[in-house]
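Everything below belongs to coords.cif, which stores mmCIF, C-alpha atoms.
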data_model
loop_
_atom_site.group_PDB
_atom_site.id
_atom_site.type_symbol
_atom_site.label_atom_id
_atom_site.label_comp_id
_atom_site.auth_asym_id
_atom_site.auth_seq_id
_atom_site.Cartn_x
_atom_site.Cartn_y
_atom_site.Cartn_z
ATOM 1 C CA MET A 1 43.073 6.174 60.983
ATOM 2 C CA ASN A 2 45.481 3.332 60.600
ATOM 3 C CA THR A 3 43.435 0.421 59.308
ATOM 4 C CA ARG A 4 46.163 -1.371 57.447
ATOM 5 C CA LEU A 5 45.650 -5.015 56.789
ATOM 6 C CA ILE A 6 48.728 -6.693 58.082
ATOM 7 C CA ALA A 7 48.251 -10.288 57.148
ATOM 8 C CA LEU A 8 47.684 -13.235 59.393
ATOM 9 C CA ALA A 9 49.464 -12.844 62.651
ATOM 10 C CA LEU A 10 49.656 -16.245 64.215
ATOM 11 C CA LEU A 11 48.979 -16.109 67.886
ATOM 12 C CA SER A 12 48.963 -18.547 70.692
ATOM 13 C CA ALA A 13 46.798 -18.407 73.730
ATOM 14 C CA LEU A 14 46.297 -20.378 76.888
ATOM 15 C CA ALA A 15 43.323 -20.918 79.117
ATOM 16 C CA THR A 16 44.520 -20.672 82.653
ATOM 17 C CA SER A 17 44.053 -18.827 85.911
ATOM 18 C CA PRO A 18 46.960 -17.146 87.687
ATOM 19 C CA THR A 19 46.659 -19.277 90.838
ATOM 20 C CA THR A 20 46.815 -22.672 89.184
ATOM 21 C CA ALA A 21 49.602 -21.363 86.996
ATOM 22 C CA GLN A 22 51.743 -20.491 90.002
ATOM 23 C CA GLU A 23 51.100 -23.696 91.894
ATOM 24 C CA ARG A 24 52.242 -26.062 89.211
ATOM 25 C CA ALA A 25 54.798 -24.047 87.290
ATOM 26 C CA ASP A 26 57.859 -25.935 88.545
ATOM 27 C CA ALA A 27 56.667 -29.390 87.606
ATOM 28 C CA PHE A 28 54.900 -28.355 84.399
ATOM 29 C CA PRO A 29 54.328 -30.268 82.249
ATOM 30 C CA THR A 30 53.697 -33.630 83.859
ATOM 31 C CA ARG A 31 51.473 -35.004 81.102
ATOM 32 C CA ALA A 32 50.472 -34.499 77.469
ATOM 33 C CA ILE A 33 49.838 -30.989 76.147
ATOM 34 C CA LYS A 34 47.251 -30.340 73.476
ATOM 35 C CA ILE A 35 47.505 -27.541 70.921
ATOM 36 C CA VAL A 36 44.191 -26.845 69.195
ATOM 37 C CA VAL A 37 44.625 -25.539 65.655
ATOM 38 C CA PRO A 38 41.390 -23.961 64.359
ATOM 39 C CA PHE A 39 42.250 -24.913 60.760
ATOM 40 C CA PRO A 40 42.642 -28.093 58.729
ATOM 41 C CA ALA A 41 46.106 -29.631 58.551
ATOM 42 C CA GLY A 42 48.578 -28.117 56.120
ATOM 43 C CA GLY A 43 47.968 -24.405 56.608
ATOM 44 C CA PRO A 44 50.353 -21.979 58.294
ATOM 45 C CA SER A 45 48.912 -22.311 61.817
ATOM 46 C CA ASP A 46 49.101 -26.061 61.565
ATOM 47 C CA VAL A 47 52.679 -26.089 60.270
ATOM 48 C CA LEU A 48 53.807 -23.737 63.009
ATOM 49 C CA ALA A 49 51.939 -25.561 65.782
ATOM 50 C CA ARG A 50 53.528 -28.836 64.755
ATOM 51 C CA MET A 51 57.021 -27.367 64.755
ATOM 52 C CA ILE A 52 56.510 -25.797 68.185
ATOM 53 C CA GLY A 53 54.837 -28.916 69.521
ATOM 54 C CA GLN A 54 57.686 -31.117 68.393
ATOM 55 C CA LYS A 55 60.220 -28.899 70.140
ATOM 56 C CA MET A 56 58.198 -28.850 73.362
ATOM 57 C CA SER A 57 57.897 -32.590 73.285
ATOM 58 C CA GLU A 58 61.632 -33.076 72.730
ATOM 59 C CA ASP A 59 62.594 -30.672 75.506
ATOM 60 C CA TRP A 60 59.977 -31.647 78.075
ATOM 61 C CA GLY A 61 59.638 -35.348 77.406
ATOM 62 C CA GLN A 62 55.859 -35.137 77.251
ATOM 63 C CA PRO A 63 53.687 -35.772 74.212
ATOM 64 C CA VAL A 64 52.248 -32.731 72.440
ATOM 65 C CA VAL A 65 49.079 -33.502 70.519
ATOM 66 C CA ILE A 66 47.968 -31.248 67.674
ATOM 67 C CA GLU A 67 44.207 -31.255 67.266
ATOM 68 C CA ASN A 68 42.772 -29.699 64.103
ATOM 69 C CA ARG A 69 39.368 -28.201 64.814
ATOM 70 C CA PRO A 70 38.453 -26.095 61.764
ATOM 71 C CA GLY A 71 35.279 -24.173 61.153
ATOM 72 C CA ALA A 72 33.278 -21.015 61.828
ATOM 73 C CA ASN A 73 36.192 -18.639 61.377
ATOM 74 C CA THR A 74 38.257 -20.280 64.140
ATOM 75 C CA VAL A 75 35.345 -20.027 66.586
ATOM 76 C CA LEU A 76 34.971 -23.798 67.069
ATOM 77 C CA GLY A 77 38.603 -24.273 68.037
ATOM 78 C CA ALA A 78 38.631 -21.192 70.251
ATOM 79 C CA GLN A 79 35.476 -22.290 72.044
ATOM 80 C CA GLN A 80 36.982 -25.669 72.744
ATOM 81 C CA VAL A 81 40.002 -24.100 74.416
ATOM 82 C CA ALA A 82 37.895 -21.508 76.242
ATOM 83 C CA LYS A 83 35.897 -24.351 77.824
ATOM 84 C CA ALA A 84 38.918 -26.553 78.574
ATOM 85 C CA ALA A 85 40.300 -26.925 82.084
ATOM 86 C CA PRO A 86 42.351 -23.811 82.882
ATOM 87 C CA ASP A 87 45.474 -25.792 83.697
ATOM 88 C CA GLY A 88 47.857 -24.817 80.932
ATOM 89 C CA TYR A 89 47.604 -28.140 79.131
ATOM 90 C CA THR A 90 45.255 -26.962 76.404
ATOM 91 C CA LEU A 91 46.645 -24.300 74.097
ATOM 92 C CA LEU A 92 45.149 -22.472 71.154
ATOM 93 C CA MET A 93 47.037 -21.575 68.015
ATOM 94 C CA ALA A 94 44.939 -18.521 67.284
ATOM 95 C CA ILE A 95 45.187 -16.115 64.412
ATOM 96 C CA ASP A 96 44.585 -12.407 64.513
ATOM 97 C CA SER A 97 40.883 -12.637 63.721
ATOM 98 C CA THR A 98 40.313 -15.105 66.580
ATOM 99 C CA LEU A 99 41.310 -12.479 69.094
ATOM 100 C CA THR A 100 40.727 -9.167 67.389
ATOM 101 C CA MET A 101 37.765 -9.514 65.026
ATOM 102 C CA ASN A 102 35.361 -12.325 65.864
ATOM 103 C CA GLN A 103 33.992 -10.496 68.888
ATOM 104 C CA TYR A 104 32.780 -7.703 66.594
ATOM 105 C CA LEU A 105 31.554 -9.937 63.782
ATOM 106 C CA TYR A 106 29.292 -12.294 65.650
ATOM 107 C CA ARG A 107 25.930 -11.137 66.933
ATOM 108 C CA ALA A 108 26.463 -13.285 70.005
ATOM 109 C CA PRO A 109 30.228 -13.335 70.654
ATOM 110 C CA PRO A 110 31.048 -17.000 71.236
ATOM 111 C CA TYR A 111 33.890 -16.385 73.690
ATOM 112 C CA ASP A 112 35.696 -13.500 75.336
ATOM 113 C CA PRO A 113 39.150 -13.085 73.800
ATOM 114 C CA PHE A 114 40.427 -11.070 76.750
ATOM 115 C CA ASN A 115 39.048 -13.093 79.654
ATOM 116 C CA ASP A 116 38.822 -16.656 78.373
ATOM 117 C CA PHE A 117 42.482 -16.895 77.397
ATOM 118 C CA ALA A 118 45.831 -15.999 78.836
ATOM 119 C CA PRO A 119 48.166 -14.681 76.173
ATOM 120 C CA ILE A 120 51.492 -16.493 75.847
ATOM 121 C CA THR A 121 53.268 -15.094 72.825
ATOM 122 C CA LEU A 122 53.046 -13.991 69.266
ATOM 123 C CA THR A 123 54.495 -16.720 67.072
ATOM 124 C CA ALA A 124 54.690 -15.430 63.522
ATOM 125 C CA LYS A 125 53.446 -12.917 61.047
ATOM 126 C CA THR A 126 52.726 -13.414 57.421
ATOM 127 C CA MET A 127 51.433 -11.435 54.487
ATOM 128 C CA GLN A 128 48.464 -11.516 52.168
ATOM 129 C CA LEU A 129 48.702 -12.179 48.475
ATOM 130 C CA LEU A 130 46.233 -11.865 45.630
ATOM 131 C CA ILE A 131 46.565 -15.087 43.685
ATOM 132 C CA VAL A 132 45.168 -16.522 40.443
ATOM 133 C CA ASN A 133 45.701 -19.824 38.685
ATOM 134 C CA ALA A 134 48.576 -19.406 36.230
ATOM 135 C CA ALA A 135 46.263 -20.573 33.423
ATOM 136 C CA SER A 136 43.988 -17.581 34.059
ATOM 137 C CA ASP A 137 43.823 -14.823 31.445
ATOM 138 C CA VAL A 138 44.104 -12.338 34.312
ATOM 139 C CA LYS A 139 47.687 -11.086 34.424
ATOM 140 C CA THR A 140 47.427 -7.992 36.593
ATOM 141 C CA VAL A 141 45.218 -6.430 39.246
ATOM 142 C CA ARG A 142 44.007 -4.081 36.542
ATOM 143 C CA ASP A 143 42.992 -7.060 34.348
ATOM 144 C CA LEU A 144 41.134 -8.520 37.279
ATOM 145 C CA ILE A 145 39.232 -5.311 37.917
ATOM 146 C CA SER A 146 38.347 -4.906 34.212
ATOM 147 C CA LYS A 147 37.122 -8.478 33.990
ATOM 148 C CA ALA A 148 35.125 -8.153 37.193
ATOM 149 C CA LYS A 149 33.540 -4.913 35.985
ATOM 150 C CA ALA A 150 32.533 -6.581 32.714
ATOM 151 C CA GLN A 151 30.732 -9.367 34.557
ATOM 152 C CA PRO A 152 29.321 -8.102 37.835
ATOM 153 C CA GLY A 153 28.688 -10.870 40.352
ATOM 154 C CA LYS A 154 30.325 -13.533 38.173
ATOM 155 C CA LEU A 155 33.913 -13.758 39.415
ATOM 156 C CA ASN A 156 34.468 -15.427 42.732
ATOM 157 C CA TYR A 157 37.319 -15.482 45.194
ATOM 158 C CA GLY A 158 38.462 -17.885 47.859
ATOM 159 C CA ALA A 159 39.332 -16.754 51.365
ATOM 160 C CA GLY A 160 39.903 -18.876 54.431
ATOM 161 C CA THR A 161 40.000 -16.437 57.329
ATOM 162 C CA ILE A 162 38.110 -13.386 58.500
ATOM 163 C CA THR A 163 41.148 -11.287 57.670
ATOM 164 C CA THR A 164 41.250 -12.400 54.063
ATOM 165 C CA LYS A 165 37.450 -12.249 53.746
ATOM 166 C CA LEU A 166 37.610 -8.649 54.920
ATOM 167 C CA THR A 167 40.313 -8.056 52.327
ATOM 168 C CA GLY A 168 37.946 -9.324 49.656
ATOM 169 C CA TYR A 169 35.224 -7.053 50.943
ATOM 170 C CA LEU A 170 37.582 -4.079 50.910
ATOM 171 C CA PHE A 171 38.895 -5.008 47.470
ATOM 172 C CA ASN A 172 35.362 -4.983 46.064
ATOM 173 C CA LYS A 173 34.694 -1.651 47.665
ATOM 174 C CA ALA A 174 38.004 -0.109 46.621
ATOM 175 C CA ALA A 175 37.855 -1.345 43.044
ATOM 176 C CA GLY A 176 34.121 -0.771 42.626
ATOM 177 C CA VAL A 177 33.484 -4.381 41.641
ATOM 178 C CA GLU A 178 31.170 -7.168 42.771
ATOM 179 C CA THR A 179 33.096 -10.372 43.156
ATOM 180 C CA VAL A 180 31.680 -13.174 45.243
ATOM 181 C CA LEU A 181 33.237 -14.739 48.324
ATOM 182 C CA VAL A 182 33.635 -18.504 48.456
ATOM 183 C CA PRO A 183 34.411 -19.156 52.102
ATOM 184 C CA TYR A 184 36.919 -21.853 52.962
ATOM 185 C CA ASN A 185 38.225 -23.227 56.233
ATOM 186 C CA GLY A 186 41.814 -22.143 55.906
ATOM 187 C CA SER A 187 44.681 -21.798 53.471
ATOM 188 C CA ALA A 188 45.039 -25.412 52.453
ATOM 189 C CA GLU A 189 41.465 -25.395 51.089
ATOM 190 C CA VAL A 190 41.881 -21.994 49.457
ATOM 191 C CA ALA A 191 44.957 -23.176 47.554
ATOM 192 C CA GLN A 192 43.020 -26.240 46.428
ATOM 193 C CA GLY A 193 40.205 -23.973 45.206
ATOM 194 C CA VAL A 194 42.576 -21.939 43.046
ATOM 195 C CA LEU A 195 44.324 -25.048 41.771
ATOM 196 C CA THR A 196 41.078 -26.707 40.686
ATOM 197 C CA LYS A 197 39.760 -23.371 39.338
ATOM 198 C CA SER A 198 36.779 -23.549 41.664
ATOM 199 C CA VAL A 199 37.518 -19.884 42.321
ATOM 200 C CA ASP A 200 38.813 -17.186 39.972
ATOM 201 C CA PHE A 201 41.221 -15.715 42.499
ATOM 202 C CA SER A 202 42.068 -15.767 46.155
ATOM 203 C CA PHE A 203 43.273 -13.678 49.023
ATOM 204 C CA ASP A 204 45.561 -15.740 51.165
ATOM 205 C CA GLY A 205 48.818 -15.926 52.993
ATOM 206 C CA PRO A 206 51.666 -17.506 51.042
ATOM 207 C CA SER A 207 52.252 -20.634 53.037
ATOM 208 C CA ALA A 208 49.879 -23.139 51.460
ATOM 209 C CA SER A 209 50.430 -21.686 47.977
ATOM 210 C CA LEU A 210 54.160 -21.269 48.076
ATOM 211 C CA SER A 211 55.164 -24.446 46.276
ATOM 212 C CA LEU A 212 52.468 -23.824 43.666
ATOM 213 C CA ILE A 213 53.722 -20.267 43.143
ATOM 214 C CA GLN A 214 57.272 -21.481 42.806
ATOM 215 C CA GLY A 215 56.136 -24.346 40.598
ATOM 216 C CA GLY A 216 54.426 -21.945 38.218
ATOM 217 C CA GLN A 217 50.856 -23.167 38.777
ATOM 218 C CA PHE A 218 49.860 -19.958 40.586
ATOM 219 C CA ARG A 219 50.426 -16.348 39.650
ATOM 220 C CA VAL A 220 50.646 -13.666 42.313
ATOM 221 C CA LEU A 221 49.016 -10.439 41.173
ATOM 222 C CA ALA A 222 49.776 -8.410 44.236
ATOM 223 C CA LYS A 223 51.389 -8.435 47.601
ATOM 224 C CA PHE A 224 49.857 -6.203 50.170
ATOM 225 C CA ASP A 225 51.439 -2.973 51.033
ATOM 226 C CA PRO A 226 51.740 -2.844 54.804
ATOM 227 C CA ARG A 227 49.119 -0.108 54.841
ATOM 228 C CA PRO A 228 46.942 -0.729 51.807
ATOM 229 C CA PHE A 229 43.655 0.398 53.256
ATOM 230 C CA ARG A 230 44.654 3.304 55.411
ATOM 231 C CA ARG A 231 42.244 5.544 53.560
ATOM 232 C CA PHE A 232 39.304 3.377 54.417
ATOM 233 C CA PRO A 233 36.445 4.200 54.786
ATOM 234 C CA THR A 234 36.797 6.928 52.171
ATOM 235 C CA TYR A 235 36.885 4.249 49.464
ATOM 236 C CA PRO A 236 35.822 3.912 46.707
ATOM 237 C CA SER A 237 36.543 7.545 45.882
ATOM 238 C CA SER A 238 40.217 7.157 46.775
ATOM 239 C CA PRO A 239 43.020 6.366 44.292
ATOM 240 C CA PRO A 240 42.887 3.259 42.121
ATOM 241 C CA MET A 241 44.068 -0.107 43.393
ATOM 242 C CA CYS A 242 47.470 0.063 41.799
ATOM 243 C CA ARG A 243 48.413 2.768 44.232
ATOM 244 C CA THR A 244 47.229 0.825 47.217
ATOM 245 C CA TRP A 245 48.758 -2.500 46.290
ATOM 246 C CA THR A 246 52.370 -3.265 45.668
ATOM 247 C CA ARG A 247 52.999 -5.045 42.420
ATOM 248 C CA SER A 248 54.266 -8.486 43.116
ATOM 249 C CA ARG A 249 57.880 -9.283 42.573
ATOM 250 C CA CYS A 250 57.347 -12.738 43.832
ATOM 251 C CA GLY A 251 60.549 -14.289 42.561
ATOM 252 C CA SER A 252 62.750 -11.831 44.358
ATOM 253 C CA VAL A 253 60.646 -12.013 47.488
ATOM 254 C CA TRP A 254 61.080 -15.733 47.821
ATOM 255 C CA SER A 255 64.668 -15.970 46.757
ATOM 256 C CA ARG A 256 65.586 -13.412 49.390
ATOM 257 C CA PRO A 257 63.164 -14.097 52.187
ATOM 258 C CA LYS A 258 65.219 -12.321 54.817
ATOM 259 C CA ALA A 259 64.901 -9.038 53.000
ATOM 260 C CA ARG A 260 61.186 -9.178 53.569
ATOM 261 C CA ARG A 261 61.246 -10.292 57.139
ATOM 262 C CA ARG A 262 59.159 -8.143 59.397
ATOM 263 C CA PRO A 263 59.699 -7.778 63.126
ATOM 264 C CA MET B 1 53.658 -21.698 83.596
ATOM 265 C CA ILE B 2 52.880 -19.093 80.975
ATOM 266 C CA ASP B 3 56.436 -17.800 81.145
ATOM 267 C CA LYS B 4 57.707 -21.328 80.746
ATOM 268 C CA LEU B 5 55.551 -21.852 77.652
ATOM 269 C CA GLN B 6 56.571 -18.478 76.261
ATOM 270 C CA ALA B 7 60.260 -19.251 76.732
ATOM 271 C CA GLU B 8 59.852 -22.632 75.078
ATOM 272 C CA VAL B 9 58.075 -21.178 72.043
ATOM 273 C CA ALA B 10 60.777 -18.514 71.729
ATOM 274 C CA LYS B 11 63.399 -21.252 71.906
ATOM 275 C CA ALA B 12 61.584 -23.325 69.276
ATOM 276 C CA LEU B 13 61.267 -20.356 66.921
ATOM 277 C CA ALA B 14 64.951 -19.513 67.316
ATOM 278 C CA ASP B 15 65.947 -23.015 66.236
ATOM 279 C CA PRO B 16 67.636 -22.809 62.818
ATOM 280 C CA ALA B 17 65.719 -25.809 61.459
ATOM 281 C CA VAL B 18 62.394 -24.293 62.536
ATOM 282 C CA LYS B 19 63.406 -20.906 61.152
ATOM 283 C CA ALA B 20 64.299 -22.451 57.809
ATOM 284 C CA LYS B 21 61.017 -24.330 57.617
ATOM 285 C CA ALA B 22 59.054 -21.224 58.597
ATOM 286 C CA ASP B 23 60.846 -19.197 55.944
ATOM 287 C CA ALA B 24 60.017 -21.869 53.408
ATOM 288 C CA SER B 25 56.362 -21.578 54.416
ATOM 289 C CA GLY B 26 56.271 -17.804 54.005
ATOM 290 C CA LEU B 27 56.030 -17.250 57.740
ATOM 291 C CA PHE B 28 57.982 -14.696 59.678
ATOM 292 C CA PRO B 29 58.540 -15.944 63.214
ATOM 293 C CA ALA B 30 57.923 -13.283 65.815
ATOM 294 C CA THR B 31 57.872 -13.567 69.564
ATOM 295 C CA SER B 32 56.791 -11.333 72.401
ATOM 296 C CA THR B 33 56.417 -11.423 76.151
ATOM 297 C CA PRO B 34 52.940 -12.299 77.414
ATOM 298 C CA ALA B 35 52.446 -8.644 78.427
ATOM 299 C CA GLU B 36 53.499 -7.331 75.028
ATOM 300 C CA PHE B 37 51.239 -9.861 73.387
ATOM 301 C CA ALA B 38 48.264 -8.855 75.547
ATOM 302 C CA ALA B 39 48.840 -5.203 74.660
ATOM 303 C CA PHE B 40 49.135 -6.128 70.976
ATOM 304 C CA ILE B 41 45.792 -7.963 71.018
ATOM 305 C CA ARG B 42 44.014 -5.071 72.703
ATOM 306 C CA LYS B 43 45.461 -2.537 70.289
ATOM 307 C CA GLU B 44 44.646 -4.642 67.231
ATOM 308 C CA ALA B 45 41.142 -5.378 68.503
ATOM 309 C CA GLN B 46 40.459 -1.690 68.883
ATOM 310 C CA ARG B 47 41.673 -1.017 65.360
ATOM 311 C CA TRP B 48 39.665 -3.861 63.867
ATOM 312 C CA SER B 49 36.461 -2.980 65.681
ATOM 313 C CA THR B 50 36.327 0.175 63.578
ATOM 314 C CA VAL B 51 37.004 -1.625 60.305
ATOM 315 C CA VAL B 52 34.473 -4.355 61.036
ATOM 316 C CA LYS B 53 31.801 -1.821 61.925
ATOM 317 C CA ASP B 54 32.548 0.095 58.717
ATOM 318 C CA THR B 55 32.023 -3.027 56.624
ATOM 319 C CA GLY B 56 28.751 -3.873 58.314
ATOM 320 C CA MET B 57 29.710 -7.582 58.251
ATOM 321 C CA LYS B 58 27.826 -9.729 60.755
ATOM 322 C CA TYR B 59 27.676 -13.426 61.448
ATOM 323 C CA ASP B 60 25.000 -15.222 63.405
#
Once more with this new file: its structure as structure tokens, please.
Amino acid sequence: MNTRLIALALLSALATSPTTAQERADAFPTRAIKIVVPFPAGGPSDVLARMIGQKMSEDWGQPVVIENRPGANTVLGAQQVAKAAPDGYTLLMAIDSTLTMNQYLYRAPPYDPFNDFAPITLTAKTMQLLIVNAASDVKTVRDLISKAKAQPGKLNYGAGTITTKLTGYLFNKAAGVETVLVPYNGSAEVAQGVLTKSVDFSFDGPSASLSLIQGGQFRVLAKFDPRPFRRFPTYPSSPPMCRTWTRSRCGSVWSRPKARRRP
Amino acid sequence: MIDKLQAEVAKALADPAVKAKADASGLFPATSTPAEFAAFIRKEAQRWSTVVKDTGMKYD
């Protein structure tokens, strides 16, 4: 079973119906477009939405408004777009969990990812990193596991999406440790949590942490292998974490970003 | 309308300035047709349903 955790895939969706779409396609857009970002400003979805919005606005001569609507694992933003007029003027900058996980996680699924939205396009992919504050005494994944084993339930980690929260869950299971989730609303908050040492480590995409990694305030312990959890659910009896995680070579990754580009 | 939006996003992501900024943010721009994207969501959802059920995670 291929259950690899590919990081946050940024997705975009549109609430529309085929008939209205056809009728107005030629003139579209004749007024402002809104892109709902289900995260606070500053995270990867927000950055990408603003870049795309700016381009649309330049090319189409209509304003593009970015509305940040964080909370409830992207559910609040998704619900807003699901309920919006299906006219193509309200877009959602979704992430993978918005469309592929929330429907299984919530007892009462708050929207239907297949019927409430019309897919437009994938926009970007990213990766997950295991990050600590550079001042931490934890230098490796192995250090982290040893420390966590010595103090069950004491270490905590920040995660800002369902995907990264699931990673934390799977990390605990794989490593046989009990670290505690501190849920955040997106990457910008997670990075802040690591910076202020409110959390001992984090699972997050690189975007909000990049300057802090490059500036030496953050240390990356691991970058995810594309298929780190393929053996799930046979964990925790499977091989130790070092065989399921790729050791970070962060410097070389960021100095040669193209080498790591994924389709 | 969807095709028009898709084409515009693809155009935006192909822009060198956008590409450079995305690279600097650790993002890897990727585009798809609406049909490819729909298929991708369905495939990923199927895969994740199994993982989520295995974890037993539930939100109210």
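Counting all atoms listed in the file and comparing A:Ile95, A:Val138, A:Ala32, A:Val81, the residue that lies closest to chain B is A:Ile95.
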Query raised in the report: On this structure, which residues satisfy the PyMOL selection byres ((chain A and resi 148) around 12), written as number ranges by chain?
Result: A: 138, 141-147, 149-157, 171-172, 175-180, 200-201
Would you give me, as a compact mmCIF listing (two decimals) with C-alpha atoms, in the coordinates of the input, the residues of chain A that come within 6 Å of chain B, using all atoms listed in the file?
# COMPACT_ATOMS: atom_id res chain seq x y z
CA ALA A 21 49.60 -21.36 87.00
CA ALA A 25 54.80 -24.05 87.29
CA ILE A 52 56.51 -25.80 68.18
CA LYS A 55 60.22 -28.90 70.14
CA THR A 100 40.73 -9.17 67.39
CA LEU A 105 31.55 -9.94 63.78
CA TYR A 106 29.29 -12.29 65.65
CA ARG A 107 25.93 -11.14 66.93
CA PRO A 119 48.17 -14.68 76.17
CA ILE A 120 51.49 -16.49 75.85
CA THR A 121 53.27 -15.09 72.82
CA LEU A 122 53.05 -13.99 69.27
CA THR A 123 54.50 -16.72 67.07
CA ALA A 124 54.69 -15.43 63.52
CA LYS A 125 53.45 -12.92 61.05
CA THR A 126 52.73 -13.41 57.42
CA PRO A 206 51.67 -17.51 51.04
CA SER A 207 52.25 -20.63 53.04
Requested in this report: Give me, please, the distance in Å between CA of Ile35 in chain A and CA of Ala118 in chain A, quoted to one decimal.
Outcome: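 These two atoms are separated by 14.1 Å.
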Requested in this report: Please write the residues picked by the PyMOL selection byres ((chain A and resi 43) around 9) on this file as a PyMOL selection string.
Outcome: chain A and resi 39-42+44-48+186-189+207-208
What does the file look like for those residues with C-alpha atoms, as a PDB file, keeping the file's coordinate frame?
ATOM      1  CA  PHE A  39      42.250 -24.913  60.760  1.00  0.00           C
ATOM      2  CA  PRO A  40      42.642 -28.093  58.729  1.00  0.00           C
ATOM      3  CA  ALA A  41      46.106 -29.631  58.551  1.00  0.00           C
ATOM      4  CA  GLY A  42      48.578 -28.117  56.120  1.00  0.00           C
ATOM      5  CA  PRO A  44      50.353 -21.979  58.294  1.00  0.00           C
ATOM      6  CA  SER A  45      48.912 -22.311  61.817  1.00  0.00           C
ATOM      7  CA  ASP A  46      49.101 -26.061  61.565  1.00  0.00           C
ATOM      8  CA  VAL A  47      52.679 -26.089  60.270  1.00  0.00           C
ATOM      9  CA  LEU A  48      53.807 -23.737  63.009  1.00  0.00           C
ATOM     10  CA  GLY A 186      41.814 -22.143  55.906  1.00  0.00           C
ATOM     11  CA  SER A 187      44.681 -21.798  53.471  1.00  0.00           C
ATOM     12  CA  ALA A 188      45.039 -25.412  52.453  1.00  0.00           C
ATOM     13  CA  GLU A 189      41.465 -25.395  51.089  1.00  0.00           C
ATOM     14  CA  SER A 207      52.252 -20.634  53.037  1.00  0.00           C
ATOM     15  CA  ALA A 208      49.879 -23.139  51.460  1.00  0.00           C
TER      16      ALA A 208
END
**Report entry** Distance in Å - CA of Thr98 in chain A versus CA of Gln79 in chain A
**Finding:**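 Value for the CA of Thr98 in chain A-CA of Gln79 in chain A distance: 10.2 Å.
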